[in-house]
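Taking it in order: structure first as structure tokens, then the write-up.
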Amino acid sequence: MSEVGSRDQFGSRIGFILASAGSAVGLGNIWRFPFVAGENGGAAFVFIYLLLVFSIGMPVMLAEFVVGRRGQGDPVGSLRRVVGKAFTPLGGMGILASIIILSFYAVVGGWTIKYTLDAVMGSLGTDVASAGAVFGTFISNPMSVVFYQALFMLGTYVVVARGIGDGIEKFCTIFMPILFLLLIILAIRSVTLPGAAEGLAFYLKPDFSKVNGAMILAALGQAFFSLSIGIGVMLTYGSYLKKSEPIVSPAFQICFLDSFVAFIAGLVIFPAVFAFGFEPGAGPGLTFVTLPAVFTKMPGGSLFAILFFFLLVIASLTSSMSLLEVISAYFVDERKWSRRKATLVVACFTFLLGIPSALSLGGGLNIAGKSFLDAMDFIASNVIMPLGGMGFALLAGWVIHSMAKEELSGSDGKPLAIYPAWRVICCVVAPAAIGWIFVTGLKW
Ligand code: PFF
């Protein structure tokens with residue numbers, strides 16, 4: 001447990017990588033990526049997505065690591081120390097986005113706990129109609145949705161309150177390998193089902209006619225959300241690194257693990273959906289209505305259902321921890337609160353803020369035609385994250401480039417080979433791409 005004034009650190013490099021990959025790998029990979037890819041041109045989307053992850057996402061992640069490792073504090077404090085007070089609003093914006101995301105993330109996280117328990121009890125529904133009825137009844141019952149939301153937030157709190165090394169790192173070091181193993185088991189099950197090929201074709205058949213501004217924005221928004229970048233989460237994790245720890249190879253490994261999980265999640269979902277003749281519905285319905293019905297048709301399906309929803313619980317918990325960590329770090333570092341107090345207050349506050357999202361899908365709580373939850377998701381993922389990413393890229397490329405050059409140097413003091421490309425991307429490519437995609441593709 002960290003005391004005020006003495007900062008926690010990651011105990012090992014692999015712990016840092018698994019914790020950051022834990023933040024990145026979440027509902028966004030397993031719940032969101034497959035249907036966004038399926039809807040937006042299959043392999044064409046996957047291709048553009050990967051391009052954006054490695055050409056824009058990874059440089060922005062590095063920019064955050066540079067500021068965090070150098071600043072050794074929360075986003076606001078690190079930015080103040082590294083560049084000056086004028087840049088602290090970028091950190092403040094990230095903390096605000098983290099609050100918004102955590103508020104609705106815990107709602108869906110709660111659903112995953114409920115579904116894991118239902119899978120254990122064997123009460124997920126036997127076809128799309130009954131599974132749809134189970135889901136509909138659940139999300140329109142305020143008591144139970146809020147109960148599971150609270151349970152999920154409690155789980156997040158318990159781990160984060162224990163600190164970086166004893167809490168987040170330990171949890172991720174144990175559970176991330178389990179997550180990878182479960183995912184591989186499920187993918188093997190799914191692609192070996194008779195009739196799986198049709199699902200593979202749906203998921204991966206490239207449709208380049210779908211490539212347009214809106215699709216590229218969807219890919220960029222998805223990449224930022226999935227990599228947890230643009231809002232200071234990676235900055236904060238980087239701030240718990242010793243100055244001697246490398247950041248370039250971990251950034252690559254985190255981006256690789258994240259894309260790998262997203263890609264494999266599609267191999268779990270679509271072959272199984274098509275093998276049993278279901279329609280690949282979009283949105284929450286795919287995971288919480290179609291898949292439960294698919295599992296009931298599959299040999300050994302009740303076991304696979306438990307494994308799948310348990311995997312979702314792990315993925316979402318390791319992500320929500322990172323969000324709670326960023327917000328709490330601000331209160332610990334800047335306001336000198338104890339970690340226990342900061343995590344408790346922030347967890348309670350974001351829980352309350354999430355209640356409108358929790359109730360919005362069952363009760364028609366809308367903002368301009370979107371459910372409250374979707375509206376929060378849109379504002380955070382499609383607006384704040386890209387803008388924050390642009391801010392970090394511009395900052396790293398133009399304002400702190402000489403410091404970044406030092407940070408991106410090898411032990412011999414010479415800049416790493418990637419430095420020139422990284423700088424060009426931060427100065428020009430990432431801001432221009434984000435700006436262009438933002439202007440052409442932003443649609444409510
Ligand atoms: N990357 C997580 C996911 O893909 O589900 C979600 C997330 C976590 C977004 C942390 C942003 C963040 F700061």
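So you can find residues: chains in the structure tokens are A, B, ... in the order shown, residues in each start at 1, and ligands are numbered from 1 in order.
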*Compile the contact shell of region 408-422 of chain A as a list in words: residues with an atom at most 9 Å away, counting only C-alpha atoms, same-chain residues fewer than 6 positions apart removed.*
Ser55, Pro59, Leu62, Val66, Pro246, Ile247, Val248 and Gly397 of chain A
Could those selected residues go to a file with C-alpha atoms, as a CSV table (one decimal), in the first residue's frame?
chain,number,residue,atom,x,y,z
A,55,SER,CA,1.2,4.1,-37.1
A,59,PRO,CA,3.4,6.7,-31.2
A,62,LEU,CA,4.9,6.3,-26.4
A,66,VAL,CA,7.6,9.6,-22.1
A,246,PRO,CA,12.5,0.7,-21.5
A,247,ILE,CA,9.3,1.9,-23.0
A,248,VAL,CA,9.6,1.2,-26.8
A,397,GLY,CA,6.5,16.3,-31.2
*Show me which residues sit within 7 Å of ligand 1 when counting only C-alpha atoms and all ligand atoms, and put them as a ChimeraX atom specification.*
/A:23-29,98,101,225-229,231,233,316,319-320,322-323
Write the selection just made, keeping all heavy atoms, as a short mmCIF file (atom, residue, chain, number, x, y, z; two decimals), in the first residue's frame?
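Result file again_34.cif:
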data_model
loop_
_atom_site.label_atom_id
_atom_site.label_comp_id
_atom_site.auth_asym_id
_atom_site.auth_seq_id
_atom_site.Cartn_x
_atom_site.Cartn_y
_atom_site.Cartn_z
N SER A 23 -5.15 -3.07 -19.19
CA SER A 23 -5.95 -1.86 -19.41
C SER A 23 -6.47 -1.85 -20.84
O SER A 23 -7.64 -1.56 -21.10
CB SER A 23 -5.09 -0.62 -19.16
OG SER A 23 -5.78 0.53 -19.58
N ALA A 24 -5.59 -2.16 -21.77
CA ALA A 24 -5.96 -2.10 -23.18
C ALA A 24 -6.99 -3.18 -23.55
O ALA A 24 -8.01 -2.91 -24.17
CB ALA A 24 -4.71 -2.24 -24.04
N VAL A 25 -6.71 -4.41 -23.13
CA VAL A 25 -7.62 -5.51 -23.48
C VAL A 25 -8.85 -5.43 -22.59
O VAL A 25 -8.74 -5.54 -21.37
CB VAL A 25 -6.92 -6.87 -23.26
CG1 VAL A 25 -7.91 -8.01 -23.40
CG2 VAL A 25 -5.77 -7.04 -24.23
N GLY A 26 -9.99 -5.20 -23.19
CA GLY A 26 -11.19 -5.09 -22.36
C GLY A 26 -12.43 -5.36 -23.17
O GLY A 26 -12.38 -6.04 -24.21
N LEU A 27 -13.54 -4.82 -22.70
CA LEU A 27 -14.79 -4.99 -23.42
C LEU A 27 -14.65 -4.49 -24.86
O LEU A 27 -15.27 -5.01 -25.77
CB LEU A 27 -15.89 -4.19 -22.72
CG LEU A 27 -16.27 -4.70 -21.34
CD1 LEU A 27 -17.10 -3.66 -20.59
CD2 LEU A 27 -17.05 -6.00 -21.47
N GLY A 28 -13.81 -3.46 -25.01
CA GLY A 28 -13.59 -2.89 -26.34
C GLY A 28 -13.08 -3.94 -27.32
O GLY A 28 -13.42 -3.91 -28.50
N ASN A 29 -12.28 -4.88 -26.87
CA ASN A 29 -11.74 -5.90 -27.77
C ASN A 29 -12.73 -7.00 -28.03
O ASN A 29 -12.86 -7.50 -29.14
CB ASN A 29 -10.51 -6.57 -27.15
CG ASN A 29 -9.42 -5.59 -26.82
OD1 ASN A 29 -9.64 -4.67 -26.05
ND2 ASN A 29 -8.28 -5.76 -27.41
N SER A 98 -11.74 9.81 -18.20
CA SER A 98 -11.65 8.55 -17.44
C SER A 98 -12.88 8.38 -16.53
O SER A 98 -13.39 7.28 -16.37
CB SER A 98 -10.40 8.52 -16.58
OG SER A 98 -9.26 8.68 -17.37
N ILE A 101 -15.78 7.39 -18.81
CA ILE A 101 -15.69 6.00 -19.30
C ILE A 101 -15.93 5.01 -18.15
O ILE A 101 -16.71 4.07 -18.28
CB ILE A 101 -14.32 5.73 -19.96
CG1 ILE A 101 -14.17 6.61 -21.19
CG2 ILE A 101 -14.21 4.25 -20.36
CD1 ILE A 101 -12.81 6.53 -21.86
N PHE A 225 -9.78 3.81 -28.08
CA PHE A 225 -10.50 3.22 -26.94
C PHE A 225 -9.81 1.93 -26.54
O PHE A 225 -9.55 1.67 -25.36
CB PHE A 225 -11.95 2.96 -27.34
CG PHE A 225 -12.81 2.48 -26.21
CD1 PHE A 225 -13.37 3.38 -25.31
CD2 PHE A 225 -13.07 1.13 -26.03
CE1 PHE A 225 -14.15 2.95 -24.26
CE2 PHE A 225 -13.86 0.68 -24.98
CZ PHE A 225 -14.40 1.59 -24.09
N SER A 226 -9.49 1.12 -27.54
CA SER A 226 -8.94 -0.19 -27.25
C SER A 226 -7.54 -0.09 -26.64
O SER A 226 -7.21 -0.87 -25.74
CB SER A 226 -8.89 -1.02 -28.53
OG SER A 226 -8.54 -2.33 -28.23
N LEU A 227 -6.75 0.86 -27.09
CA LEU A 227 -5.39 0.98 -26.54
C LEU A 227 -5.36 1.81 -25.26
O LEU A 227 -4.31 1.99 -24.66
CB LEU A 227 -4.45 1.62 -27.57
CG LEU A 227 -4.20 0.82 -28.85
CD1 LEU A 227 -3.40 1.66 -29.85
CD2 LEU A 227 -3.44 -0.47 -28.55
N SER A 228 -6.49 2.31 -24.83
CA SER A 228 -6.57 3.16 -23.62
C SER A 228 -5.66 4.37 -23.73
O SER A 228 -4.99 4.73 -22.77
CB SER A 228 -6.17 2.39 -22.35
OG SER A 228 -6.85 1.19 -22.21
N ILE A 229 -5.63 5.00 -24.93
CA ILE A 229 -4.71 6.14 -25.06
C ILE A 229 -5.47 7.45 -25.26
O ILE A 229 -6.64 7.46 -25.61
CB ILE A 229 -3.72 5.97 -26.22
CG1 ILE A 229 -4.47 5.61 -27.51
CG2 ILE A 229 -2.68 4.94 -25.88
CD1 ILE A 229 -3.57 5.55 -28.70
N ILE A 231 -5.97 9.74 -22.91
CA ILE A 231 -6.58 10.31 -21.71
C ILE A 231 -5.71 10.12 -20.47
O ILE A 231 -6.17 10.27 -19.35
CB ILE A 231 -8.00 9.76 -21.46
CG1 ILE A 231 -7.98 8.25 -21.25
CG2 ILE A 231 -8.92 10.12 -22.59
CD1 ILE A 231 -9.34 7.71 -20.80
N VAL A 233 -4.14 7.43 -19.22
CA VAL A 233 -4.04 6.14 -18.52
C VAL A 233 -2.62 5.58 -18.68
O VAL A 233 -1.97 5.20 -17.70
CB VAL A 233 -5.08 5.13 -19.06
CG1 VAL A 233 -4.76 3.73 -18.58
CG2 VAL A 233 -6.47 5.53 -18.62
N SER A 316 -12.71 -6.91 -18.43
CA SER A 316 -13.26 -5.61 -18.06
C SER A 316 -12.72 -5.12 -16.72
O SER A 316 -12.50 -3.93 -16.54
CB SER A 316 -14.79 -5.62 -18.10
OG SER A 316 -15.30 -6.79 -17.57
N SER A 319 -9.34 -3.45 -17.11
CA SER A 319 -9.44 -2.12 -17.74
C SER A 319 -10.01 -1.10 -16.77
O SER A 319 -9.53 0.03 -16.69
CB SER A 319 -10.35 -2.18 -18.97
OG SER A 319 -9.81 -3.04 -19.92
N SER A 320 -11.05 -1.49 -16.04
CA SER A 320 -11.65 -0.50 -15.14
C SER A 320 -10.67 -0.11 -14.04
O SER A 320 -10.66 1.03 -13.58
CB SER A 320 -12.96 -1.02 -14.56
OG SER A 320 -12.70 -2.14 -13.76
N SER A 322 -7.55 0.40 -14.41
CA SER A 322 -6.65 1.45 -14.90
C SER A 322 -7.36 2.80 -14.87
O SER A 322 -6.74 3.83 -14.61
CB SER A 322 -6.13 1.11 -16.30
OG SER A 322 -7.16 1.19 -17.25
N LEU A 323 -8.65 2.79 -15.15
CA LEU A 323 -9.40 4.05 -15.13
C LEU A 323 -9.50 4.59 -13.71
O LEU A 323 -9.29 5.77 -13.45
CB LEU A 323 -10.81 3.82 -15.71
CG LEU A 323 -10.83 3.54 -17.22
CD1 LEU A 323 -12.14 2.87 -17.62
CD2 LEU A 323 -10.64 4.82 -18.01
#
_Best match for closeness to Leu387 (chain A) among A:Arg7, A:Val60, A:Ala275, A:Phe351, counting only C-alpha atoms_ = A:Val60
*Identify all residues of region 73-285 of chain A in helix (DSSP H, G or I) (DSSP on the backbone) and supply them as a ChimeraX atom specification.*
/A:75-82,85-121,128-139,142-161,164-191,196-204,208-210,213-227,233-238,248-275,284-285
*Within 12 Å of Arg70 (chain A), counting only C-alpha atoms, which residues show up once you throw out same-chain ones fewer than 2 positions away? Write them as a VMD selection string, please.*
chain A and resid 62 to 68 72 to 75 77 to 83 235 to 245 247 400 403 to 404 406 to 408
Would you save the residues from that selection as a CSV table (one decimal), in the first residue's frame, using C-alpha atoms?
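Wrote selection-v3.csv, looks like this:
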chain,number,residue,atom,x,y,z
A,62,LEU,CA,4.9,6.3,-26.4
A,63,ALA,CA,4.3,10.0,-26.0
A,64,GLU,CA,2.3,9.3,-22.9
A,65,PHE,CA,4.9,6.9,-21.5
A,66,VAL,CA,7.6,9.6,-22.1
A,67,VAL,CA,5.6,12.2,-20.1
A,68,GLY,CA,4.7,9.8,-17.4
A,72,GLN,CA,6.5,10.5,-12.2
A,73,GLY,CA,3.0,11.6,-11.3
A,74,ASP,CA,-0.6,11.7,-12.3
A,75,PRO,CA,-1.5,13.3,-15.7
A,77,GLY,CA,1.2,16.7,-12.1
A,78,SER,CA,3.4,15.1,-14.7
A,79,LEU,CA,2.4,17.6,-17.3
A,80,ARG,CA,3.1,20.5,-15.0
A,81,ARG,CA,6.5,19.2,-14.1
A,82,VAL,CA,7.5,18.1,-17.6
A,83,VAL,CA,6.1,21.1,-19.6
A,235,LEU,CA,0.9,8.2,-18.8
A,236,THR,CA,-0.1,7.2,-15.3
A,237,TYR,CA,1.1,3.6,-15.7
A,238,GLY,CA,4.3,4.9,-17.2
A,239,SER,CA,4.8,7.1,-14.2
A,240,TYR,CA,5.1,4.0,-12.0
A,241,LEU,CA,8.2,2.9,-14.1
A,242,LYS,CA,11.7,3.4,-13.0
A,243,LYS,CA,13.5,5.8,-15.2
A,244,SER,CA,15.8,3.0,-16.3
A,245,GLU,CA,13.0,0.9,-17.7
A,247,ILE,CA,9.3,1.9,-23.0
A,400,ILE,CA,9.1,18.5,-25.5
A,403,MET,CA,13.4,15.8,-23.8
A,404,ALA,CA,11.6,13.0,-25.7
A,406,GLU,CA,16.6,11.8,-24.5
A,407,GLU,CA,13.8,9.5,-23.2
A,408,LEU,CA,13.9,7.6,-26.5
_Shell of 9 Å around region 197-212 of chain A, only C-alpha atoms, local chain residues under 4 positions omitted, as a PyMOL selection string_ = chain A and resi 34-35+37-48+191+193+216-217+266-267+269-275+280+441
*Quick one: of A:Lys341, A:Lys443, A:Leu395, A:Phe175, who's nearest to Cys426 (chain A), counting only C-alpha atoms?*
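Between A:Lys341, A:Lys443, A:Leu395, A:Phe175, the residue approaching Cys426 (chain A) most closely is A:Leu395.
Considering only C-alpha atoms, the residue among A:Gly57, A:Pro386, A:Gly109, A:Gly369 positioned nearest to Ser259 (chain A) is A:Gly57.
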_Selected residue of minimal separation from Glu169 (chain A) among A:Ile437, A:Ala218, A:Ile14, A:Ala129, counting only C-alpha atoms_ =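 Ranking A:Ile437, A:Ala218, A:Ile14, A:Ala129 by distance to Glu169 (chain A), first place goes to A:Ile14.
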_Distance query Ile174 (chain A) at most 12 Å, only C-alpha atoms, self and fewer than 5 positions along chain excluded, as an MDAnalysis selection string_ = chainID A and resid 14:15 18:19 22 166:169 179:181 314 318
Take the selection from the previous step and output its residues with N, CA, C and O atoms, as an mmCIF file, in the first residue's frame.
data_model
loop_
_atom_site.group_PDB
_atom_site.id
_atom_site.type_symbol
_atom_site.label_atom_id
_atom_site.label_comp_id
_atom_site.auth_asym_id
_atom_site.auth_seq_id
_atom_site.Cartn_x
_atom_site.Cartn_y
_atom_site.Cartn_z
ATOM 1 N N ILE A 14 7.541 -7.328 -16.871
ATOM 2 C CA ILE A 14 6.406 -8.107 -17.367
ATOM 3 C C ILE A 14 5.120 -7.685 -16.633
ATOM 4 O O ILE A 14 4.033 -7.642 -17.219
ATOM 5 N N GLY A 15 5.270 -7.320 -15.357
ATOM 6 C CA GLY A 15 4.107 -6.838 -14.604
ATOM 7 C C GLY A 15 3.551 -5.565 -15.222
ATOM 8 O O GLY A 15 2.336 -5.401 -15.375
ATOM 9 N N LEU A 18 1.868 -6.505 -18.584
ATOM 10 C CA LEU A 18 0.578 -7.182 -18.402
ATOM 11 C C LEU A 18 -0.471 -6.224 -17.836
ATOM 12 O O LEU A 18 -1.649 -6.298 -18.204
ATOM 13 N N ALA A 19 -0.057 -5.314 -16.955
ATOM 14 C CA ALA A 19 -1.029 -4.359 -16.429
ATOM 15 C C ALA A 19 -1.493 -3.413 -17.532
ATOM 16 O O ALA A 19 -2.695 -3.129 -17.655
ATOM 17 N N GLY A 22 -3.566 -5.248 -19.788
ATOM 18 C CA GLY A 22 -4.848 -5.461 -19.098
ATOM 19 C C GLY A 22 -5.750 -4.259 -19.247
ATOM 20 O O GLY A 22 -6.956 -4.390 -19.438
ATOM 21 N N ASP A 166 1.074 -4.409 -5.318
ATOM 22 C CA ASP A 166 0.308 -5.438 -4.599
ATOM 23 C C ASP A 166 -1.098 -5.631 -5.143
ATOM 24 O O ASP A 166 -1.741 -6.647 -4.869
ATOM 25 N N GLY A 167 -1.601 -4.622 -5.841
ATOM 26 C CA GLY A 167 -2.971 -4.711 -6.328
ATOM 27 C C GLY A 167 -3.014 -4.994 -7.818
ATOM 28 O O GLY A 167 -3.134 -6.146 -8.253
ATOM 29 N N ILE A 168 -2.854 -3.930 -8.608
ATOM 30 C CA ILE A 168 -3.046 -4.037 -10.062
ATOM 31 C C ILE A 168 -2.055 -5.017 -10.697
ATOM 32 O O ILE A 168 -2.438 -5.900 -11.462
ATOM 33 N N GLU A 169 -0.769 -4.858 -10.352
ATOM 34 C CA GLU A 169 0.241 -5.720 -11.002
ATOM 35 C C GLU A 169 0.009 -7.184 -10.657
ATOM 36 O O GLU A 169 0.053 -8.059 -11.523
ATOM 37 N N LEU A 179 -6.578 -15.185 -19.114
ATOM 38 C CA LEU A 179 -7.418 -14.629 -20.181
ATOM 39 C C LEU A 179 -6.937 -15.102 -21.558
ATOM 40 O O LEU A 179 -7.731 -15.551 -22.386
ATOM 41 N N PHE A 180 -5.609 -15.038 -21.777
ATOM 42 C CA PHE A 180 -5.101 -15.458 -23.090
ATOM 43 C C PHE A 180 -5.420 -16.936 -23.335
ATOM 44 O O PHE A 180 -5.844 -17.319 -24.422
ATOM 45 N N LEU A 181 -5.249 -17.733 -22.302
ATOM 46 C CA LEU A 181 -5.496 -19.162 -22.448
ATOM 47 C C LEU A 181 -6.975 -19.436 -22.769
ATOM 48 O O LEU A 181 -7.305 -20.209 -23.689
ATOM 49 N N ILE A 314 -12.742 -10.779 -16.465
ATOM 50 C CA ILE A 314 -11.322 -10.445 -16.270
ATOM 51 C C ILE A 314 -10.944 -9.254 -17.131
ATOM 52 O O ILE A 314 -10.326 -8.288 -16.676
ATOM 53 N N THR A 318 -9.663 -5.612 -15.469
ATOM 54 C CA THR A 318 -8.303 -5.075 -15.595
ATOM 55 C C THR A 318 -8.315 -3.708 -16.300
ATOM 56 O O THR A 318 -7.411 -2.906 -16.095
#
*So how far away is CA of Met143 (chain A) from CA of Glu325 (chain A), in Å?*
27.3 Å
_Gap from CA of Val159 (chain A) to CA of Ser140 (chain A) - Å, one decimal_ =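 Distance reported for this atom pair: 29.5 Å.
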*Select, from A:Phe304, A:Phe171, A:Phe147, A:Phe372, the residue with the minimum atom-to-atom distance to Ser357 (chain A), counting only C-alpha atoms.*
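Nearest candidate to Ser357 (chain A) out of A:Phe304, A:Phe171, A:Phe147, A:Phe372: A:Phe372.
Of note, CA of Ala293 (chain A) and CA of Ala131 (chain A) are spaced 6.1 Å apart.
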*Which residue of A:Leu307, A:Trp337, A:Gly230, A:Thr137 approaches Leu394 (chain A) most closely, using only C-alpha atoms*: A:Gly230
Please identify every residue of region 278-333 of chain A that has at least one atom no farther than 8 Å from an atom of region 113-127 of chain A, counting only C-alpha atoms, and for each give the shortest atom pair and the distance in Å to one decimal, arranged by chain then increasing number, as a tab-separated table.
residue	atom	partner	partner_atom	distance
A:Phe288	CA	A:Tyr115	CA	7.9
A:Pro292	CA	A:Leu124	CA	5.9
A:Ala293	CA	A:Asp127	CA	4.7
A:Val294	CA	A:Asp127	CA	7.7
A:Thr296	CA	A:Thr126	CA	5.8
A:Lys297	CA	A:Thr126	CA	8.0
A:Ser302	CA	A:Ala119	CA	6.6
A:Ala305	CA	A:Ala119	CA	5.9
A:Ile306	CA	A:Ala119	CA	5.2
A:Phe309	CA	A:Thr116	CA	5.0
A:Phe310	CA	A:Thr116	CA	5.8
A:Val313	CA	A:Ile113	CA	6.1
